[in-house]
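Visitor: Below you'll find input-v3.cif; it's mmCIF, C-alpha atoms.
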```
data_run
#
loop_
_atom_site.group_PDB
_atom_site.id
_atom_site.type_symbol
_atom_site.label_atom_id
_atom_site.label_comp_id
_atom_site.auth_asym_id
_atom_site.auth_seq_id
_atom_site.Cartn_x
_atom_site.Cartn_y
_atom_site.Cartn_z
ATOM 1 C CA ALA A 1 0.000 0.000 0.000
ATOM 2 C CA GLN A 2 1.144 3.530 -0.685
ATOM 3 C CA ARG A 3 2.349 5.313 2.384
ATOM 4 C CA VAL A 4 4.218 8.458 3.345
ATOM 5 C CA THR A 5 6.150 8.642 6.601
ATOM 6 C CA GLN A 6 7.460 11.775 8.228
ATOM 7 C CA PRO A 7 9.212 10.502 11.344
ATOM 8 C CA GLU A 8 9.655 13.852 13.065
ATOM 9 C CA LYS A 9 6.683 15.767 14.461
ATOM 10 C CA LEU A 10 8.850 18.695 15.480
ATOM 11 C CA LEU A 11 12.224 19.891 14.318
ATOM 12 C CA SER A 12 13.928 22.863 15.949
ATOM 13 C CA VAL A 13 17.018 24.459 14.462
ATOM 14 C CA PHE A 14 18.839 27.711 14.948
ATOM 15 C CA LYS A 15 18.787 30.416 12.338
ATOM 16 C CA GLY A 16 21.526 29.844 9.816
ATOM 17 C CA ALA A 17 21.794 26.130 10.534
ATOM 18 C CA PRO A 18 21.093 23.491 7.853
ATOM 19 C CA VAL A 19 17.660 21.904 7.766
ATOM 20 C CA GLU A 20 16.612 18.451 6.645
ATOM 21 C CA LEU A 21 12.995 17.377 6.901
ATOM 22 C CA LYS A 22 12.665 13.651 6.389
ATOM 23 C CA CYS A 23 10.131 11.924 4.187
ATOM 24 C CA ASN A 24 10.048 8.228 3.323
ATOM 25 C CA TYR A 25 7.545 6.636 1.036
ATOM 26 C CA SER A 26 6.188 3.278 0.037
ATOM 27 C CA TYR A 27 5.045 3.094 -3.570
ATOM 28 C CA SER A 28 5.076 0.581 -6.391
ATOM 29 C CA GLY A 29 6.243 2.236 -9.559
ATOM 30 C CA SER A 30 7.739 5.643 -10.214
ATOM 31 C CA PRO A 31 6.349 8.083 -7.668
ATOM 32 C CA GLU A 32 5.825 11.785 -8.108
ATOM 33 C CA LEU A 33 6.360 13.433 -4.755
ATOM 34 C CA PHE A 34 5.513 16.855 -3.412
ATOM 35 C CA TRP A 35 6.254 19.062 -0.468
ATOM 36 C CA TYR A 36 3.527 21.365 0.844
ATOM 37 C CA VAL A 37 4.039 24.101 3.413
ATOM 38 C CA GLN A 38 1.564 25.672 5.810
ATOM 39 C CA TYR A 39 2.550 28.917 7.499
ATOM 40 C CA SER A 40 0.791 29.823 10.700
ATOM 41 C CA ARG A 41 -2.993 29.819 10.200
ATOM 42 C CA GLN A 42 -2.688 29.941 6.430
ATOM 43 C CA ARG A 43 -3.675 27.533 3.707
ATOM 44 C CA LEU A 44 -1.389 24.762 2.595
ATOM 45 C CA GLN A 45 0.515 25.668 -0.508
ATOM 46 C CA LEU A 46 2.740 23.752 -2.833
ATOM 47 C CA LEU A 47 6.398 24.256 -2.040
ATOM 48 C CA LEU A 48 7.963 22.033 -4.644
ATOM 49 C CA ARG A 49 7.489 18.874 -6.662
ATOM 50 C CA HIS A 50 10.333 16.554 -7.473
ATOM 51 C CA ILE A 51 9.539 16.359 -11.161
ATOM 52 C CA SER A 52 10.303 20.040 -11.656
ATOM 53 C CA ARG A 53 13.707 19.800 -9.949
ATOM 54 C CA GLU A 54 13.550 23.405 -8.859
ATOM 55 C CA SER A 55 14.599 25.246 -5.733
ATOM 56 C CA ILE A 56 11.925 27.260 -3.983
ATOM 57 C CA LYS A 57 12.805 29.655 -1.163
ATOM 58 C CA GLY A 58 16.164 27.916 -0.970
ATOM 59 C CA PHE A 59 14.628 24.473 -0.413
ATOM 60 C CA THR A 60 15.478 21.461 -2.527
ATOM 61 C CA ALA A 61 14.432 17.844 -2.420
ATOM 62 C CA ASP A 62 15.940 14.895 -4.212
ATOM 63 C CA LEU A 63 14.117 11.667 -4.875
ATOM 64 C CA ASN A 64 16.224 8.719 -3.735
ATOM 65 C CA LYS A 65 14.592 5.580 -5.079
ATOM 66 C CA GLY A 66 17.109 3.317 -3.384
ATOM 67 C CA GLU A 67 16.280 4.675 0.043
ATOM 68 C CA THR A 68 12.673 5.522 -0.923
ATOM 69 C CA SER A 69 13.167 8.995 0.458
ATOM 70 C CA PHE A 70 12.350 12.543 -0.564
ATOM 71 C CA HIS A 71 13.963 14.639 2.139
ATOM 72 C CA LEU A 72 13.550 18.418 2.077
ATOM 73 C CA LYS A 73 16.737 20.389 2.607
ATOM 74 C CA LYS A 74 17.881 23.947 3.028
ATOM 75 C CA PRO A 75 21.484 24.907 3.774
ATOM 76 C CA PHE A 76 20.716 27.944 5.956
ATOM 77 C CA ALA A 77 17.414 28.169 7.821
ATOM 78 C CA GLN A 78 15.607 31.492 8.181
ATOM 79 C CA GLU A 79 13.074 32.445 10.838
ATOM 80 C CA GLU A 80 10.409 32.831 8.170
ATOM 81 C CA ASP A 81 10.822 29.145 7.323
ATOM 82 C CA SER A 82 9.026 28.237 10.538
ATOM 83 C CA ALA A 83 5.944 26.363 9.396
ATOM 84 C CA MET A 84 4.325 22.970 9.053
ATOM 85 C CA TYR A 85 5.694 20.878 6.200
ATOM 86 C CA TYR A 86 3.863 17.980 4.578
ATOM 87 C CA CYS A 87 5.245 15.421 2.174
ATOM 88 C CA ALA A 88 2.642 14.101 -0.283
ATOM 89 C CA LEU A 89 2.355 11.212 -2.706
ATOM 90 C CA PRO A 90 -0.295 10.515 -5.326
ATOM 91 C CA SER A 91 -2.154 7.295 -4.622
ATOM 92 C CA GLY A 92 -4.173 6.184 -7.589
ATOM 93 C CA THR A 93 -5.581 8.741 -9.936
ATOM 94 C CA TYR A 94 -5.567 12.201 -8.385
ATOM 95 C CA LYS A 95 -5.814 10.935 -4.825
ATOM 96 C CA TYR A 96 -3.042 12.240 -2.618
ATOM 97 C CA ILE A 97 -1.674 10.812 0.584
ATOM 98 C CA PHE A 98 -0.054 13.244 2.967
ATOM 99 C CA GLY A 99 2.386 12.464 5.728
ATOM 100 C CA THR A 100 1.548 13.495 9.272
ATOM 101 C CA GLY A 101 3.648 16.618 8.890
ATOM 102 C CA THR A 102 6.725 18.073 10.553
ATOM 103 C CA ARG A 103 6.627 21.368 12.367
ATOM 104 C CA LEU A 104 9.809 23.310 11.751
ATOM 105 C CA LYS A 105 10.776 25.930 14.312
ATOM 106 C CA VAL A 106 13.676 28.175 13.455
ATOM 107 C CA LEU A 107 15.103 29.770 16.550
ATOM 108 C CA ALA A 108 16.742 33.176 16.558
ATOM 109 C CA ASP B 1 -9.181 33.902 -9.205
ATOM 110 C CA ALA B 2 -9.840 34.078 -5.468
ATOM 111 C CA GLY B 3 -8.779 30.504 -4.992
ATOM 112 C CA VAL B 4 -10.715 27.865 -3.119
ATOM 113 C CA ILE B 5 -13.244 29.540 -0.852
ATOM 114 C CA GLN B 6 -14.469 27.925 2.331
ATOM 115 C CA SER B 7 -17.088 28.955 4.844
ATOM 116 C CA PRO B 8 -17.411 29.354 7.711
ATOM 117 C CA ARG B 9 -13.811 30.102 8.668
ATOM 118 C CA HIS B 10 -14.554 29.387 12.315
ATOM 119 C CA GLU B 11 -17.413 27.527 13.945
ATOM 120 C CA VAL B 12 -18.078 26.672 17.544
ATOM 121 C CA THR B 13 -21.025 24.395 18.132
ATOM 122 C CA GLU B 14 -22.472 22.212 20.835
ATOM 123 C CA MET B 15 -22.253 18.469 20.778
ATOM 124 C CA GLY B 16 -25.195 16.948 18.964
ATOM 125 C CA GLN B 17 -25.728 19.869 16.622
ATOM 126 C CA GLU B 18 -25.507 19.624 12.861
ATOM 127 C CA VAL B 19 -22.518 21.261 11.200
ATOM 128 C CA THR B 20 -22.336 22.174 7.519
ATOM 129 C CA LEU B 21 -19.088 23.266 5.922
ATOM 130 C CA ARG B 22 -19.114 24.800 2.466
ATOM 131 C CA CYS B 23 -16.638 24.990 -0.350
ATOM 132 C CA LYS B 24 -16.353 26.735 -3.694
ATOM 133 C CA PRO B 25 -13.569 25.239 -5.793
ATOM 134 C CA ILE B 26 -11.499 27.080 -8.350
ATOM 135 C CA SER B 27 -13.422 27.427 -11.564
ATOM 136 C CA GLY B 28 -12.504 24.796 -14.121
ATOM 137 C CA HIS B 29 -11.030 22.351 -11.636
ATOM 138 C CA ASP B 30 -12.396 18.849 -12.110
ATOM 139 C CA TYR B 31 -11.387 17.455 -8.735
ATOM 140 C CA LEU B 32 -12.488 18.449 -5.269
ATOM 141 C CA PHE B 33 -11.099 17.078 -2.013
ATOM 142 C CA TRP B 34 -12.092 17.311 1.634
ATOM 143 C CA TYR B 35 -9.297 16.898 4.171
ATOM 144 C CA ARG B 36 -9.282 16.962 7.951
ATOM 145 C CA GLN B 37 -6.281 18.201 9.890
ATOM 146 C CA THR B 38 -5.618 17.311 13.533
ATOM 147 C CA MET B 39 -2.546 17.447 15.724
ATOM 148 C CA MET B 40 -2.504 13.698 16.210
ATOM 149 C CA ARG B 41 -3.192 12.501 12.678
ATOM 150 C CA GLY B 42 -2.012 15.344 10.498
ATOM 151 C CA LEU B 43 -3.822 15.704 7.196
ATOM 152 C CA GLU B 44 -6.332 12.988 6.316
ATOM 153 C CA LEU B 45 -8.274 12.691 3.080
ATOM 154 C CA LEU B 46 -11.965 12.250 3.823
ATOM 155 C CA ILE B 47 -13.492 12.146 0.342
ATOM 156 C CA TYR B 48 -12.877 13.363 -3.173
ATOM 157 C CA PHE B 49 -15.029 14.099 -6.189
ATOM 158 C CA ASN B 50 -14.355 14.064 -9.909
ATOM 159 C CA ASN B 51 -16.764 16.049 -12.073
ATOM 160 C CA ASN B 52 -19.154 16.278 -9.110
ATOM 161 C CA VAL B 53 -19.202 12.499 -8.584
ATOM 162 C CA PRO B 54 -17.828 11.023 -5.341
ATOM 163 C CA ILE B 55 -14.952 8.739 -6.253
ATOM 164 C CA ASP B 56 -13.514 7.636 -2.938
ATOM 165 C CA ASP B 57 -15.116 8.185 0.453
ATOM 166 C CA SER B 58 -13.104 5.562 2.302
ATOM 167 C CA GLY B 59 -11.655 8.243 4.546
ATOM 168 C CA MET B 60 -14.997 9.393 5.903
ATOM 169 C CA PRO B 61 -14.822 8.439 9.579
ATOM 170 C CA GLU B 62 -18.392 7.232 10.069
ATOM 171 C CA ASP B 63 -21.974 7.649 9.016
ATOM 172 C CA ARG B 64 -22.249 10.935 10.830
ATOM 173 C CA PHE B 65 -20.203 12.467 8.022
ATOM 174 C CA SER B 66 -21.613 13.096 4.581
ATOM 175 C CA ALA B 67 -20.472 15.143 1.597
ATOM 176 C CA LYS B 68 -22.216 16.349 -1.507
ATOM 177 C CA MET B 69 -21.312 18.188 -4.659
ATOM 178 C CA PRO B 70 -24.523 19.268 -6.378
ATOM 179 C CA ASN B 71 -22.667 21.220 -9.074
ATOM 180 C CA ALA B 72 -19.189 22.097 -10.247
ATOM 181 C CA SER B 73 -18.941 25.202 -8.086
ATOM 182 C CA PHE B 74 -20.197 24.019 -4.712
ATOM 183 C CA SER B 75 -19.655 21.262 -2.190
ATOM 184 C CA THR B 76 -20.722 20.635 1.386
ATOM 185 C CA LEU B 77 -19.400 18.490 4.199
ATOM 186 C CA LYS B 78 -21.979 17.770 6.859
ATOM 187 C CA ILE B 79 -21.548 16.302 10.324
ATOM 188 C CA GLN B 80 -24.718 15.172 12.078
ATOM 189 C CA PRO B 81 -24.675 14.826 15.017
ATOM 190 C CA SER B 82 -21.368 16.483 15.852
ATOM 191 C CA GLU B 83 -19.109 15.253 18.642
ATOM 192 C CA PRO B 84 -16.159 16.870 20.461
ATOM 193 C CA ARG B 85 -13.727 14.514 18.700
ATOM 194 C CA ASP B 86 -14.762 16.078 15.400
ATOM 195 C CA SER B 87 -12.974 19.266 16.403
ATOM 196 C CA ALA B 88 -10.379 19.906 13.718
ATOM 197 C CA VAL B 89 -9.543 22.069 10.743
ATOM 198 C CA TYR B 90 -11.365 20.954 7.622
ATOM 199 C CA PHE B 91 -9.746 21.836 4.332
ATOM 200 C CA CYS B 92 -11.336 21.823 0.958
ATOM 201 C CA ALA B 93 -9.035 21.621 -2.050
ATOM 202 C CA SER B 94 -9.411 21.462 -5.793
ATOM 203 C CA SER B 95 -7.253 20.346 -8.655
ATOM 204 C CA PRO B 96 -7.312 20.695 -12.411
ATOM 205 C CA ARG B 97 -6.396 17.774 -14.618
ATOM 206 C CA GLY B 98 -2.941 17.672 -13.162
ATOM 207 C CA ASN B 99 -1.084 16.910 -10.005
ATOM 208 C CA THR B 100 -1.168 20.119 -8.031
ATOM 209 C CA ILE B 101 -3.751 20.595 -5.309
ATOM 210 C CA TYR B 102 -4.938 24.058 -4.315
ATOM 211 C CA PHE B 103 -6.183 24.364 -0.778
ATOM 212 C CA GLY B 104 -8.721 26.661 0.806
ATOM 213 C CA GLU B 105 -7.958 28.474 4.029
ATOM 214 C CA GLY B 106 -9.766 25.887 6.103
ATOM 215 C CA SER B 107 -12.762 25.801 8.418
ATOM 216 C CA TRP B 108 -11.799 25.663 12.091
ATOM 217 C CA LEU B 109 -14.421 23.568 13.882
ATOM 218 C CA THR B 110 -14.751 23.328 17.648
ATOM 219 C CA VAL B 111 -17.424 21.082 19.131
ATOM 220 C CA VAL B 112 -17.992 21.615 22.843
#
```
Would you write the structure of this file as structure tokens?
Guide:
Amino acid sequence: AQRVTQPEKLLSVFKGAPVELKCNYSYSGSPELFWYVQYSRQRLQLLLRHISRESIKGFTADLNKGETSFHLKKPFAQEEDSAMYYCALPSGTYKYIFGTGTRLKVLA
Amino acid sequence: DAGVIQSPRHEVTEMGQEVTLRCKPISGHDYLFWYRQTMMRGLELLIYFNNNVPIDDSGMPEDRFSAKMPNASFSTLKIQPSEPRDSAVYFCASSPRGNTIYFGEGSWLTVV
């Protein structure tokens, strides 16, 4: 069965430190994975999708099929990065499974 | 486009009362999703529609929950009777024929 696992509920880092938000998936076939971000009391919005291979707000994510991971990384965290981050995986046609989310707190 | 529009933004109701959440998807989007967000479970898919037809409602917790989409521009999620454990943020989202989901701002429900 398709599944997305985000092992950390909360991740705290200091401003300027590197960030890695973990996401592991279970999927038969070639997955297309996404990261969504939710800033405080705002709607979820797409941060990036692996197929586009782009960097958004300094974040990148590489699909590692061997480790079945799609970790989100940023070399230098900023206070405005504090938010809830969700990894998502399509399951079937247009049905998306989200991980339980990781709350990132960037400390001054 | 104003994006996905949800109402009410906040609702506080007493246990046993009926709750109706409303959603207007982005025009032209064929898919509509209802998600529930809680601290313990994160974001859970409740039900989704394609061209106004419910496709998968396996995430609906129990018979107290029902969802309808009478036309392409409107959907409702109803809880009857409501219980305190239903307290959560309910998100509506829509998607065109593609892979990106656009979320509404959510309806914050508190059942006391």
Visitor: Set out as a tab-separated table a contact list for chain B and chain A with a cut-off of 9 Å, giving each residue of chain B that qualifies its closest atom pair and distance in Å to one decimal, counting only C-alpha atoms, ordered by chain and rising residue number.
Guide:
```
residue	atom	partner	partner_atom	distance
B:Tyr31	CA	A:Tyr94	CA	7.8
B:Phe33	CA	A:Lys95	CA	8.6
B:Met39	CA	A:Thr100	CA	8.6
B:Met40	CA	A:Thr100	CA	8.0
B:Arg41	CA	A:Thr100	CA	5.9
B:Gly42	CA	A:Thr100	CA	4.2
B:Leu43	CA	A:Thr100	CA	6.2
B:Glu44	CA	A:Phe98	CA	7.1
B:Leu45	CA	A:Ile97	CA	7.3
B:Tyr48	CA	A:Lys95	CA	7.6
B:Asp56	CA	A:Lys95	CA	8.6
B:Phe91	CA	A:Arg43	CA	8.3
B:Ser95	CA	A:Tyr94	CA	8.3
B:Arg97	CA	A:Tyr94	CA	8.4
B:Gly98	CA	A:Tyr94	CA	7.7
B:Asn99	CA	A:Tyr94	CA	6.7
B:Thr100	CA	A:Leu46	CA	7.4
B:Ile101	CA	A:Leu46	CA	7.6
B:Tyr102	CA	A:Gln45	CA	6.8
B:Phe103	CA	A:Leu44	CA	5.9
B:Gly104	CA	A:Arg43	CA	5.9
B:Glu105	CA	A:Arg43	CA	4.4
B:Gly106	CA	A:Arg43	CA	6.7
```
Visitor: Any idea what the distance is between atom CA of A:Arg103 and atom CA of A:Ser55?
Guide: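 So the two atoms, atom CA of A:Arg103 and atom CA of A:Ser55, lie 20.2 Å apart.
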Visitor: Please identify all polymer residues within 6 Å of stretch 70-78 of chain A, counting only C-alpha atoms, omitting same-chain residues fewer than 3 positions from it, and present them as a list of chain:residue names.
Guide: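 My reading of the contact set: A:Lys15, A:Gly16, A:Ala17, A:Pro18, A:Val19, A:Glu20, A:Leu21, A:Lys22, A:Cys23, A:Gly58, A:Phe59, A:Thr60, A:Ala61, A:Asp62, A:Leu63, A:Asp81.
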Visitor: Write the residues of the selection above to a file with C-alpha atoms, as a PDB file, in the frame of the given file.
Guide:
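Dumped to part.pdb:
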```
ATOM      1  CA  LYS A  15      18.787  30.416  12.338  1.00  0.00           C
ATOM      2  CA  GLY A  16      21.526  29.844   9.816  1.00  0.00           C
ATOM      3  CA  ALA A  17      21.794  26.130  10.534  1.00  0.00           C
ATOM      4  CA  PRO A  18      21.093  23.491   7.853  1.00  0.00           C
ATOM      5  CA  VAL A  19      17.660  21.904   7.766  1.00  0.00           C
ATOM      6  CA  GLU A  20      16.612  18.451   6.645  1.00  0.00           C
ATOM      7  CA  LEU A  21      12.995  17.377   6.901  1.00  0.00           C
ATOM      8  CA  LYS A  22      12.665  13.651   6.389  1.00  0.00           C
ATOM      9  CA  CYS A  23      10.131  11.924   4.187  1.00  0.00           C
ATOM     10  CA  GLY A  58      16.164  27.916  -0.970  1.00  0.00           C
ATOM     11  CA  PHE A  59      14.628  24.473  -0.413  1.00  0.00           C
ATOM     12  CA  THR A  60      15.478  21.461  -2.527  1.00  0.00           C
ATOM     13  CA  ALA A  61      14.432  17.844  -2.420  1.00  0.00           C
ATOM     14  CA  ASP A  62      15.940  14.895  -4.212  1.00  0.00           C
ATOM     15  CA  LEU A  63      14.117  11.667  -4.875  1.00  0.00           C
ATOM     16  CA  ASP A  81      10.822  29.145   7.323  1.00  0.00           C
TER      17      ASP A  81
END
```
Visitor: Pick from B:Leu77, B:Val4, B:Ala72, B:Met15: nearest to B:Ile47, with all atoms listed in the file counted?
Guide: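 Nearest candidate to B:Ile47 out of B:Leu77, B:Val4, B:Ala72, B:Met15: B:Leu77.
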Visitor: When you draw a straight line from atom CA of A:Trp35 to atom CA of A:Tyr85, how long is it in Å?
Guide: 6.9 Å
Visitor: So that I can see what lies close to B:Arg22, please list as a list of chain:residue names the residues with an atom at most 6 Å from it, counting all atoms listed in the file and leaving out residues fewer than 5 positions away in the same chain.
Guide: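 Skipping anything fewer than 5 positions along the chain leaves B:Gln6, B:Ser7, B:Ser75, B:Thr76.
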Visitor: Could you tell me how far atom CA of B:Asn50 sits from atom CA of B:Cys23, in Å to one decimal place?
Guide: 14.7 Å
Visitor: I'd like to know which of A:Thr5, A:Glu80, A:Gln38, A:Asn64 is closest to B:Gln37, using all atoms listed in the file.
Guide: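 Once distances to B:Gln37 are computed over all atoms listed in the file, the minimum belongs to A:Gln38.
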Visitor: Find, counting only C-alpha atoms, the residue in B:Gly16, B:Leu32, B:Leu109, B:Glu62 that gets nearest to B:Ser82.
Guide: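 Among the listed residues, B:Gly16 lies closest to B:Ser82.
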Visitor: For B:Leu46, work out the shell of residues within 6 Å, counting all atoms listed in the file and skipping chain neighbours fewer than 2 positions away, then give it as number ranges by chain.
Guide: B: 34-35, 59-60
Visitor: I'd like the residues picked by the PyMOL selection byres ((chain A and resi 13) around 7) written out as a short mmCIF file (atom, residue, chain, number, x, y, z; two decimals) with C-alpha atoms, in the frame of the given file, using the chain letters and numbers from the file.
Guide:
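Final output, expr.cif:
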```cif
data_model
loop_
_atom_site.label_atom_id
_atom_site.label_comp_id
_atom_site.auth_asym_id
_atom_site.auth_seq_id
_atom_site.Cartn_x
_atom_site.Cartn_y
_atom_site.Cartn_z
CA LEU A 11 12.22 19.89 14.32
CA SER A 12 13.93 22.86 15.95
CA PHE A 14 18.84 27.71 14.95
CA LYS A 15 18.79 30.42 12.34
CA ALA A 17 21.79 26.13 10.53
CA LYS A 105 10.78 25.93 14.31
CA VAL A 106 13.68 28.18 13.46
CA LEU A 107 15.10 29.77 16.55
#
```
Visitor: Fix up stretch 40-56 of chain B with N, CA and C atoms, then write it as a PDB file, in the frame of the given file.
Guide:
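Output file out-v1.pdb is given in full below:
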```
ATOM      1  N   MET B  40      -2.933  15.091  16.057  1.00  0.00           N
ATOM      2  CA  MET B  40      -2.504  13.698  16.210  1.00  0.00           C
ATOM      3  C   MET B  40      -2.308  13.003  14.872  1.00  0.00           C
ATOM      4  N   ARG B  41      -3.197  13.270  13.931  1.00  0.00           N
ATOM      5  CA  ARG B  41      -3.192  12.501  12.678  1.00  0.00           C
ATOM      6  C   ARG B  41      -2.714  13.275  11.463  1.00  0.00           C
ATOM      7  N   GLY B  42      -2.443  14.555  11.649  1.00  0.00           N
ATOM      8  CA  GLY B  42      -2.012  15.344  10.498  1.00  0.00           C
ATOM      9  C   GLY B  42      -3.150  15.548   9.529  1.00  0.00           C
ATOM     10  N   LEU B  43      -2.851  15.422   8.250  1.00  0.00           N
ATOM     11  CA  LEU B  43      -3.822  15.704   7.196  1.00  0.00           C
ATOM     12  C   LEU B  43      -4.384  14.388   6.648  1.00  0.00           C
ATOM     13  N   GLU B  44      -5.693  14.223   6.778  1.00  0.00           N
ATOM     14  CA  GLU B  44      -6.332  12.988   6.316  1.00  0.00           C
ATOM     15  C   GLU B  44      -7.332  13.304   5.209  1.00  0.00           C
ATOM     16  N   LEU B  45      -7.292  12.533   4.150  1.00  0.00           N
ATOM     17  CA  LEU B  45      -8.274  12.691   3.080  1.00  0.00           C
ATOM     18  C   LEU B  45      -9.581  12.035   3.499  1.00  0.00           C
ATOM     19  N   LEU B  46     -10.653  12.790   3.459  1.00  0.00           N
ATOM     20  CA  LEU B  46     -11.965  12.250   3.823  1.00  0.00           C
ATOM     21  C   LEU B  46     -12.684  11.706   2.590  1.00  0.00           C
ATOM     22  N   ILE B  47     -12.748  12.517   1.542  1.00  0.00           N
ATOM     23  CA  ILE B  47     -13.492  12.146   0.342  1.00  0.00           C
ATOM     24  C   ILE B  47     -13.007  13.012  -0.805  1.00  0.00           C
ATOM     25  N   TYR B  48     -13.123  12.490  -2.042  1.00  0.00           N
ATOM     26  CA  TYR B  48     -12.877  13.363  -3.173  1.00  0.00           C
ATOM     27  C   TYR B  48     -13.853  13.088  -4.302  1.00  0.00           C
ATOM     28  N   PHE B  49     -14.079  14.123  -5.077  1.00  0.00           N
ATOM     29  CA  PHE B  49     -15.029  14.099  -6.189  1.00  0.00           C
ATOM     30  C   PHE B  49     -14.288  14.352  -7.500  1.00  0.00           C
ATOM     31  N   ASN B  50     -14.803  13.760  -8.566  1.00  0.00           N
ATOM     32  CA  ASN B  50     -14.355  14.064  -9.909  1.00  0.00           C
ATOM     33  C   ASN B  50     -15.590  14.417 -10.729  1.00  0.00           C
ATOM     34  N   ASN B  51     -15.597  15.606 -11.301  1.00  0.00           N
ATOM     35  CA  ASN B  51     -16.764  16.049 -12.073  1.00  0.00           C
ATOM     36  C   ASN B  51     -18.060  15.853 -11.280  1.00  0.00           C
ATOM     37  N   ASN B  52     -18.012  16.269 -10.027  1.00  0.00           N
ATOM     38  CA  ASN B  52     -19.154  16.278  -9.110  1.00  0.00           C
ATOM     39  C   ASN B  52     -19.545  14.889  -8.603  1.00  0.00           C
ATOM     40  N   VAL B  53     -18.859  13.854  -8.997  1.00  0.00           N
ATOM     41  CA  VAL B  53     -19.202  12.499  -8.584  1.00  0.00           C
ATOM     42  C   VAL B  53     -18.234  12.037  -7.498  1.00  0.00           C
ATOM     43  N   PRO B  54     -18.752  11.526  -6.371  1.00  0.00           N
ATOM     44  CA  PRO B  54     -17.828  11.023  -5.341  1.00  0.00           C
ATOM     45  C   PRO B  54     -17.087   9.788  -5.842  1.00  0.00           C
ATOM     46  N   ILE B  55     -15.775   9.831  -5.740  1.00  0.00           N
ATOM     47  CA  ILE B  55     -14.952   8.739  -6.253  1.00  0.00           C
ATOM     48  C   ILE B  55     -14.475   7.830  -5.125  1.00  0.00           C
ATOM     49  N   ASP B  56     -14.070   8.420  -4.034  1.00  0.00           N
ATOM     50  CA  ASP B  56     -13.514   7.636  -2.938  1.00  0.00           C
ATOM     51  C   ASP B  56     -13.889   8.296  -1.625  1.00  0.00           C
TER      52      ASP B  56
END
```
